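A.B. asks: Handing you a structure now.
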Amino acid sequence: MAVMRERENVHGEAVTPRRRWARRHPWVTGAGLVVLLIVLCAGVPLALAAPSLLSARDAAQRGEAALTDGDVDGARVAFADAETDFRTARRLLRNPIASVGGVVPWLGHNARAAGALSHAGELTAQGAAGVADAVAALPGGTDALSPEGGALPVAAVRELAEPLATAADRLEEALHVAQAAPDLLLASPVADAREQLLSQLAAAAPTASSAAALADALPAFLGADGPRTYFFGASTPGELRGSGGLIGAHALLTIDDGRLAFSEFGATTDLPTVESVDAPHADYARYDRYQRDNRWLSMNLTPDFPTVGTLIERLYAIAPGQELDGVIVADPYALAALLRVAGPTDVPGFGTVDADSVVEFVTVDAYSEFTDSRERKEVLGAVAAATLQGFLERGGDPVASLSALAEATAGGHLTLHAVDPAVQSALRTAGVTGALPTGGDAVIVAANSGTNAKVDAFLEADLSYDVTLGPDGAASGLVRLELNNAAPREGVDQYVIGPNRPDLEAGDNRLFLQVFGAPGGAVTGFARDGERAAARIESELGLPALVTDVELPHGTAADLEVSTTSPDAWTGDADRLAYHLDLRVPPLLAGVDATISVGVPEGLELIDSPADASVEDGVVIVERTIRGEEKLSLTFARPAEDRLRAAIRGFFTRPVVRIEF
């Protein structure tokens with residue numbers, strides 16, 4: 001052990017070197033105390049704020065659960081508690097003492113991040129509390145949002161428009177605040193809380209915007225300001241069209257202050273023949289080669305429903321010669337969603353339909369039970385009308401009713417179009433118009449039957465989409481589509497399996513098929529059954545489209561591969577990016593078994609994904625059975641330690657003085 005030797009000073013006093021140095025440098029002790037004080041200034045407020053943050057999080061979760069369960073009073077209390085706790089935490093973290101501690105990098109970053117999360121949480125709670133208060137103020141609370149007495153709750157929806165708009169603004173602001181929070185040098189609990197909040201807000205903000213837009217547009221669409229008249233079409237997936245299925249039956253639907261009244265349903269083929277009509281846009285001319293003498297028979301060849309709606313409105317203005325306020329089309333999957341809430345419904349002239357039987361009946365069984373075409377179309381239309389009326393009269397639980405409508409519209413099974421531009425814009429924002437996408441990545445498979453039969457009821461399909469994310473938002477993809485014709489040769493009515501064309505036999509299928517890529521992208525290759533093949537490459541409303549005819553004789557299959565590129569598949573930067581995919585497929589009875597594979601970008605990790613996503617060997621995999629439209633969002637981020645190393649490297653390599661000559 002080393003012994004410190006004493007020395008004598010000029011006065012003959014014995015001193016050690018350490019003590020002499022300390023007396024000569026008293027600032028060392030003072031500096032140590034200052035550092036300790038600064039650390040305490042940063043750490044103590046953060047520690048004091050932690051209980052309030054945890055309490056606020058728990059209260060917000062209770063509020064969300066209560067609102068989902070229809071307990072609006074419980075939601076109001078919980079969201080108010082969350083707002084108070086978030087505000088308390090924010091006040092503690094903005095204390096002047098805490099700002100002194102902000103000079104300590106690790107503690108300062110954590111304190112500022114926690115303060116930003118407190119602010120974002122407070123904004124979110126404010127918006128949610130405002131909606132809960134507005135719902136509580138409705139006569140009957142949440143029950144006011146249920147259809148009642150055969151009418152939709154127009155007045156209640158209108159009352160919620162402003163609170164929902166405010167909530168959407170608060171959530172958007174909260175998202176920006178959370179995104180601006182420091183993301184380096186964070187303790188694990190703070191970093192995890194930041195990522196969780198960012199993921200939740202990224203999903204909630206657009207949902208709130210859609211809800212606000214829908215609440216703003218629906219009252220006018222539903223006749224709050226006077227009766228509205230719509231072309232109502234019932235489509236069938238047994239005979240495919242670009243926007244879903246053939247619109248075989250129709251009626252006029254009048255909505256007055258939420259109350260629906262249908263005219264008698266009839267066959268669309270019975271409408272007066274219209275040989276020509278102004279195209280909704282220049283790209284629609286690409287369908288001219290498939291048009292028939294009667295434009296009513298080919299009104300929905302395109303997958304873009306706003307184009308379909310505009311075309312129907314123009315056709316109806318010519319013959320029979322009536323101006324419409326818009327178009328509504330429902331397929332049997334929409335009816336099934338409503339029947340799951342309302343229960344079985346009696347259909348005049350037929351019997352009872354329920355959620356488990358309606359799709360099969362509308363698509364196949366009705367053609368055996370009703371051989372007369374006009375009678376069959378009337379019954380199919382009556383099924384749609386009775387289902388809607390039953391839902392309005394027995395909607396029951398408001399949460400279940402709203403969920404059923406959301407399921408029907410989100411999947412593209414219930415689509416709306418309004419003549420009024422302001423209403424149509426709001427409906428588009430809400431995502432209920434079936435419009436082709438304008439951004440992100442996209443795979444849209446649109447099929448038009450060429451058999452004059454309902455043989456598509458037996459069509460089976462598997463789809464895979466392998467995506468590689470590139471730089472600057474770009475992506476490349478490979479679509480693999482396997483089609484299998486499982487139609488029988490006999491045992492089913494000829495109207496269903498054919499042959500209804502001289503060049504086909506019973507059970508044969510023929511499709512005019514389109515595979516669309518992302519907006520602004522390109523189709524770069526095509527193969528059929530493993531061999532490169534020629535095909536037409538066209539475009540519609542900014543989306544590239546591969547166009548090909550597919551012959552599927554009874555019992556055969558076809559394998560198609562389409563290579564695509566997308567310029568704006570993802571947004572963000574090298575540290576954090578979000579990938580968005582709009583996937584649409586024909587509404588087949590068997591569904592389309594889809595597998596989406598997205599390679600994890602080098603140096604990044606998956607931080608947010610749907611619950612059914614998995615990661616295998618650096619690839620995110622999502623498997624679903626789809627009938628219509630699905631959306632997929634994935635978020636990737638660079639690990640915090642990598643971002644910290646990059647920040648340190650950037651700091652020490654950044655020039656201090658730049659001299660230019």
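Within each chain, counting starts at residue 1; across the structure tokens, chains are named A, B, ... in the order shown, with ligands numbered 1 upward in that order.
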Hey, which bits of stretch 387-459 of chain A sit within 10 Å of stretch 245-256 of chain A, and for each residue what's the closest pair of atoms and how far apart in Å (one decimal), counting only C-alpha atoms, rows by chain and increasing number, as a tab-separated table?

C.D. replies:
```
residue	atom	partner	partner_atom	distance
A:His413	CA	A:Gly245	CA	10.0
A:Ala447	CA	A:Gly245	CA	9.1
A:Asn448	CA	A:Gly245	CA	8.4
A:Ser449	CA	A:Leu246	CA	8.9
A:Lys454	CA	A:Leu246	CA	9.5
A:Asp456	CA	A:Gly245	CA	9.6
```

A.B. asks: From a DSSP pass on the backbone, collect the residues of stretch 346-421 of chain A flagged as strand (DSSP E or B) and hand them back as JSON, numbers by chain.

C.D. replies: {"A": [346, 347, 351, 352, 353, 414, 415, 416, 417, 418]}

A.B. asks: Residues within 12 Å of A:Ala406, please, as a list in words. Count only C-alpha atoms; anything in the same chain fewer than 6 positions from it doesn't count.

C.D. replies: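 Contacts, with the query itself left out: Thr207, Ser210, Ala211, Leu214, Ala334, Ala337, Leu338, Val399, Ala400, Gly412, His413, Leu414, Thr415, Ala430, Gly431 and Val432 of chain A.
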
A.B. asks: Any chance you can output those residues with C-alpha atoms as a PDB file, in the first residue's frame?

C.D. replies:
```pdb
ATOM      1  CA  THR A 207     -58.886   6.693 -38.364  1.00  0.00           C
ATOM      2  CA  SER A 210     -61.900   9.321 -41.515  1.00  0.00           C
ATOM      3  CA  ALA A 211     -64.509   9.281 -38.740  1.00  0.00           C
ATOM      4  CA  LEU A 214     -67.763  10.601 -42.423  1.00  0.00           C
ATOM      5  CA  ALA A 334     -72.134  -6.538 -46.864  1.00  0.00           C
ATOM      6  CA  ALA A 337     -72.178  -8.295 -41.989  1.00  0.00           C
ATOM      7  CA  LEU A 338     -75.482  -6.532 -41.307  1.00  0.00           C
ATOM      8  CA  VAL A 399     -70.895  -0.650 -31.124  1.00  0.00           C
ATOM      9  CA  ALA A 400     -71.880  -3.805 -33.031  1.00  0.00           C
ATOM     10  CA  GLY A 412     -65.251  -2.625 -50.396  1.00  0.00           C
ATOM     11  CA  HIS A 413     -68.519  -4.543 -50.039  1.00  0.00           C
ATOM     12  CA  LEU A 414     -70.652  -1.421 -49.514  1.00  0.00           C
ATOM     13  CA  THR A 415     -69.553   1.489 -51.703  1.00  0.00           C
ATOM     14  CA  ALA A 430     -63.470   8.326 -45.005  1.00  0.00           C
ATOM     15  CA  GLY A 431     -62.448   5.516 -47.380  1.00  0.00           C
ATOM     16  CA  VAL A 432     -65.925   4.368 -48.435  1.00  0.00           C
TER      17      VAL A 432
END
```

A.B. asks: When you look at stretch 577-583 of chain A with a cut-off of 10 Å (counting only C-alpha atoms), what residues show up, excluding the ones that are within fewer than 4 positions of it in the same chain? I need them as a PyMOL selection string.

C.D. replies: chain A and resi 202+436-437+439-445+465+469+473+475+516-518+568-573+594+596+598+601+604+606+608+626+628-638

A.B. asks: Quick one: everything within 12 Å of A:Leu240, counting only C-alpha atoms, minus sequence neighbours fewer than 5 positions away in the same chain. Send it as a PyMOL selection string.

C.D. replies: chain A and resi 235+245-248+298+300-303+331+363+445-459+509-513+585-589+628

A.B. asks: Could you write out that same residue set with N, CA and C atoms as a short mmCIF file (atom, residue, chain, number, x, y, z; two decimals), in the first residue's frame?

C.D. replies:
```
data_model
loop_
_atom_site.label_atom_id
_atom_site.label_comp_id
_atom_site.auth_asym_id
_atom_site.auth_seq_id
_atom_site.Cartn_x
_atom_site.Cartn_y
_atom_site.Cartn_z
N SER A 235 -75.00 -6.39 -56.23
CA SER A 235 -74.03 -7.07 -57.09
C SER A 235 -73.82 -8.50 -56.63
N GLY A 245 -68.71 -7.31 -58.51
CA GLY A 245 -69.53 -8.28 -59.23
C GLY A 245 -70.55 -7.59 -60.11
N LEU A 246 -71.18 -8.36 -60.98
CA LEU A 246 -72.21 -7.85 -61.87
C LEU A 246 -73.34 -7.23 -61.05
N ILE A 247 -73.75 -6.01 -61.43
CA ILE A 247 -74.88 -5.36 -60.78
C ILE A 247 -76.13 -5.79 -61.54
N GLY A 248 -76.71 -6.90 -61.10
CA GLY A 248 -77.80 -7.50 -61.85
C GLY A 248 -79.17 -6.96 -61.49
N SER A 298 -72.13 -3.11 -69.09
CA SER A 298 -70.68 -3.00 -68.86
C SER A 298 -70.35 -1.76 -68.03
N ASN A 300 -69.57 -1.42 -64.86
CA ASN A 300 -68.56 -1.45 -63.80
C ASN A 300 -67.38 -2.37 -64.15
N LEU A 301 -66.84 -2.15 -65.35
CA LEU A 301 -65.64 -2.90 -65.75
C LEU A 301 -64.40 -2.43 -65.01
N THR A 302 -64.36 -1.16 -64.60
CA THR A 302 -63.21 -0.59 -63.94
C THR A 302 -63.24 -0.88 -62.43
N PRO A 303 -62.08 -1.00 -61.80
CA PRO A 303 -62.07 -1.18 -60.34
C PRO A 303 -62.24 0.13 -59.58
N ASP A 331 -72.78 -5.82 -51.99
CA ASP A 331 -72.69 -7.22 -52.39
C ASP A 331 -73.14 -8.10 -51.22
N THR A 363 -75.48 -15.92 -54.55
CA THR A 363 -74.49 -16.20 -55.58
C THR A 363 -74.81 -17.44 -56.40
N VAL A 445 -56.07 -6.59 -58.21
CA VAL A 445 -56.43 -7.59 -59.20
C VAL A 445 -57.91 -7.39 -59.52
N ALA A 446 -58.19 -7.07 -60.77
CA ALA A 446 -59.57 -6.83 -61.21
C ALA A 446 -59.90 -7.80 -62.33
N ALA A 447 -61.01 -8.50 -62.19
CA ALA A 447 -61.41 -9.51 -63.18
C ALA A 447 -62.80 -9.20 -63.71
N ASN A 448 -62.97 -9.36 -65.01
CA ASN A 448 -64.28 -9.25 -65.65
C ASN A 448 -64.59 -10.57 -66.35
N SER A 449 -65.75 -11.13 -66.01
CA SER A 449 -66.13 -12.42 -66.58
C SER A 449 -66.49 -12.28 -68.05
N GLY A 450 -66.13 -13.31 -68.83
CA GLY A 450 -66.49 -13.32 -70.25
C GLY A 450 -67.31 -14.53 -70.62
N THR A 451 -68.09 -15.07 -69.66
CA THR A 451 -68.82 -16.31 -69.91
C THR A 451 -70.33 -16.13 -70.00
N ASN A 452 -70.87 -14.99 -69.59
CA ASN A 452 -72.32 -14.79 -69.48
C ASN A 452 -72.94 -15.82 -68.54
N ALA A 453 -72.14 -16.29 -67.55
CA ALA A 453 -72.62 -17.26 -66.57
C ALA A 453 -72.17 -16.80 -65.18
N LYS A 454 -72.51 -17.61 -64.19
CA LYS A 454 -72.11 -17.30 -62.82
C LYS A 454 -71.04 -18.29 -62.35
N VAL A 455 -70.22 -18.71 -63.29
CA VAL A 455 -69.22 -19.74 -63.01
C VAL A 455 -68.10 -19.24 -62.11
N ASP A 456 -67.97 -17.91 -61.95
CA ASP A 456 -66.93 -17.37 -61.06
C ASP A 456 -67.19 -17.74 -59.61
N ALA A 457 -68.40 -18.23 -59.30
CA ALA A 457 -68.68 -18.70 -57.95
C ALA A 457 -67.78 -19.87 -57.57
N PHE A 458 -67.21 -20.55 -58.56
CA PHE A 458 -66.37 -21.72 -58.31
C PHE A 458 -64.89 -21.43 -58.58
N LEU A 459 -64.55 -20.18 -58.77
CA LEU A 459 -63.16 -19.81 -59.03
C LEU A 459 -62.38 -19.77 -57.73
N ASN A 509 -64.37 -21.31 -67.94
CA ASN A 509 -64.29 -19.93 -67.47
C ASN A 509 -63.39 -19.12 -68.40
N ARG A 510 -63.70 -17.85 -68.48
CA ARG A 510 -62.91 -16.92 -69.30
C ARG A 510 -62.91 -15.58 -68.59
N LEU A 511 -61.72 -15.01 -68.42
CA LEU A 511 -61.60 -13.75 -67.68
C LEU A 511 -60.83 -12.71 -68.47
N PHE A 512 -61.29 -11.49 -68.42
CA PHE A 512 -60.51 -10.33 -68.83
C PHE A 512 -59.89 -9.81 -67.54
N LEU A 513 -58.57 -10.05 -67.40
CA LEU A 513 -57.89 -9.84 -66.12
C LEU A 513 -56.97 -8.63 -66.19
N VAL A 585 -58.59 -7.68 -54.27
CA VAL A 585 -58.76 -8.90 -55.07
C VAL A 585 -60.25 -9.08 -55.35
N PRO A 586 -60.61 -9.90 -56.32
CA PRO A 586 -62.03 -10.17 -56.57
C PRO A 586 -62.69 -10.82 -55.35
N PRO A 587 -63.97 -10.56 -55.11
CA PRO A 587 -64.67 -11.09 -53.92
C PRO A 587 -65.14 -12.53 -54.12
N LEU A 588 -64.19 -13.44 -54.26
CA LEU A 588 -64.53 -14.84 -54.54
C LEU A 588 -65.18 -15.50 -53.32
N LEU A 589 -66.09 -16.45 -53.58
CA LEU A 589 -66.74 -17.16 -52.49
C LEU A 589 -65.73 -17.88 -51.61
N GLY A 628 -62.07 -8.99 -51.31
CA GLY A 628 -62.25 -7.56 -51.53
C GLY A 628 -60.98 -6.79 -51.25
#
```

A.B. asks: What are the DSSP alpha helix (DSSP H) residues of stretch 211-385 of chain A, as a PyMOL selection string?

C.D. replies: chain A and resi 211-221+305-318+332-342+358-360+366-369+373-385

A.B. asks: With distances taken over only C-alpha atoms, which residue among A:Ala522, A:Asn484, A:Gln291, A:Thr595 lies nearest A:Ser276?

C.D. replies: A:Gln291

A.B. asks: Would you list the contacts of A:Leu54 as a list of chain:residue names, taking every protein, DNA or RNA residue within 10 Å and counting only C-alpha atoms, but skipping same-chain residues closer than 4 positions in sequence?

C.D. replies: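 After dropping sequence-adjacent residues, the list is A:Ala49, A:Ala50, A:Asp58, A:Ala59, A:Ala60, A:Ala82, A:Asp85, A:Phe86, A:Ala89.
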
A.B. asks: Could the residues of stretch 74-164 of chain A that have an atom at most 8 Å from stretch 371-392 of chain A be listed as a tab-separated table, each with its closest atom pair and the distance in Å to one decimal, counting only C-alpha atoms and ordered by chain and ascending residue number?

C.D. replies:
```
residue	atom	partner	partner_atom	distance
A:Pro147	CA	A:Leu392	CA	4.8
A:Glu148	CA	A:Leu392	CA	6.0
A:Gly149	CA	A:Leu392	CA	6.9
A:Gly150	CA	A:Leu392	CA	4.6
A:Ala151	CA	A:Leu392	CA	5.7
A:Leu152	CA	A:Leu392	CA	6.5
```

A.B. asks: Between atom CA of A:Ile607 and atom CA of A:Pro639, what is the distance, to one decimal in Å?

C.D. replies: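 Those two atoms sit 9.7 Å apart.
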
A.B. asks: Counting only C-alpha atoms, which of A:Pro610, A:Gly349, A:Pro471, A:Pro398 gets nearest to A:Gly70?

C.D. replies: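 Checking each candidate against A:Gly70, we get A:Pro398 as the closest.
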
A.B. asks: Could you check how far atom CA of A:Val479 sits from atom CA of A:Gly530, in Å to one decimal?

C.D. replies: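 About the pair atom CA of A:Val479 and atom CA of A:Gly530: they are 12.9 Å apart.
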
A.B. asks: If we count only C-alpha atoms and set the cut-off at 7 Å, which residues sit around A:Ile328, ignoring sequence neighbours fewer than 6 positions away in its own chain? Please answer as an MDAnalysis selection string.

C.D. replies: chainID A and resid 230:233 415:417

A.B. asks: Rounded to one decimal, what separation in Å do you get between atom CA of A:Asp508 and atom CA of A:Gly244?

C.D. replies: 20.2 Å
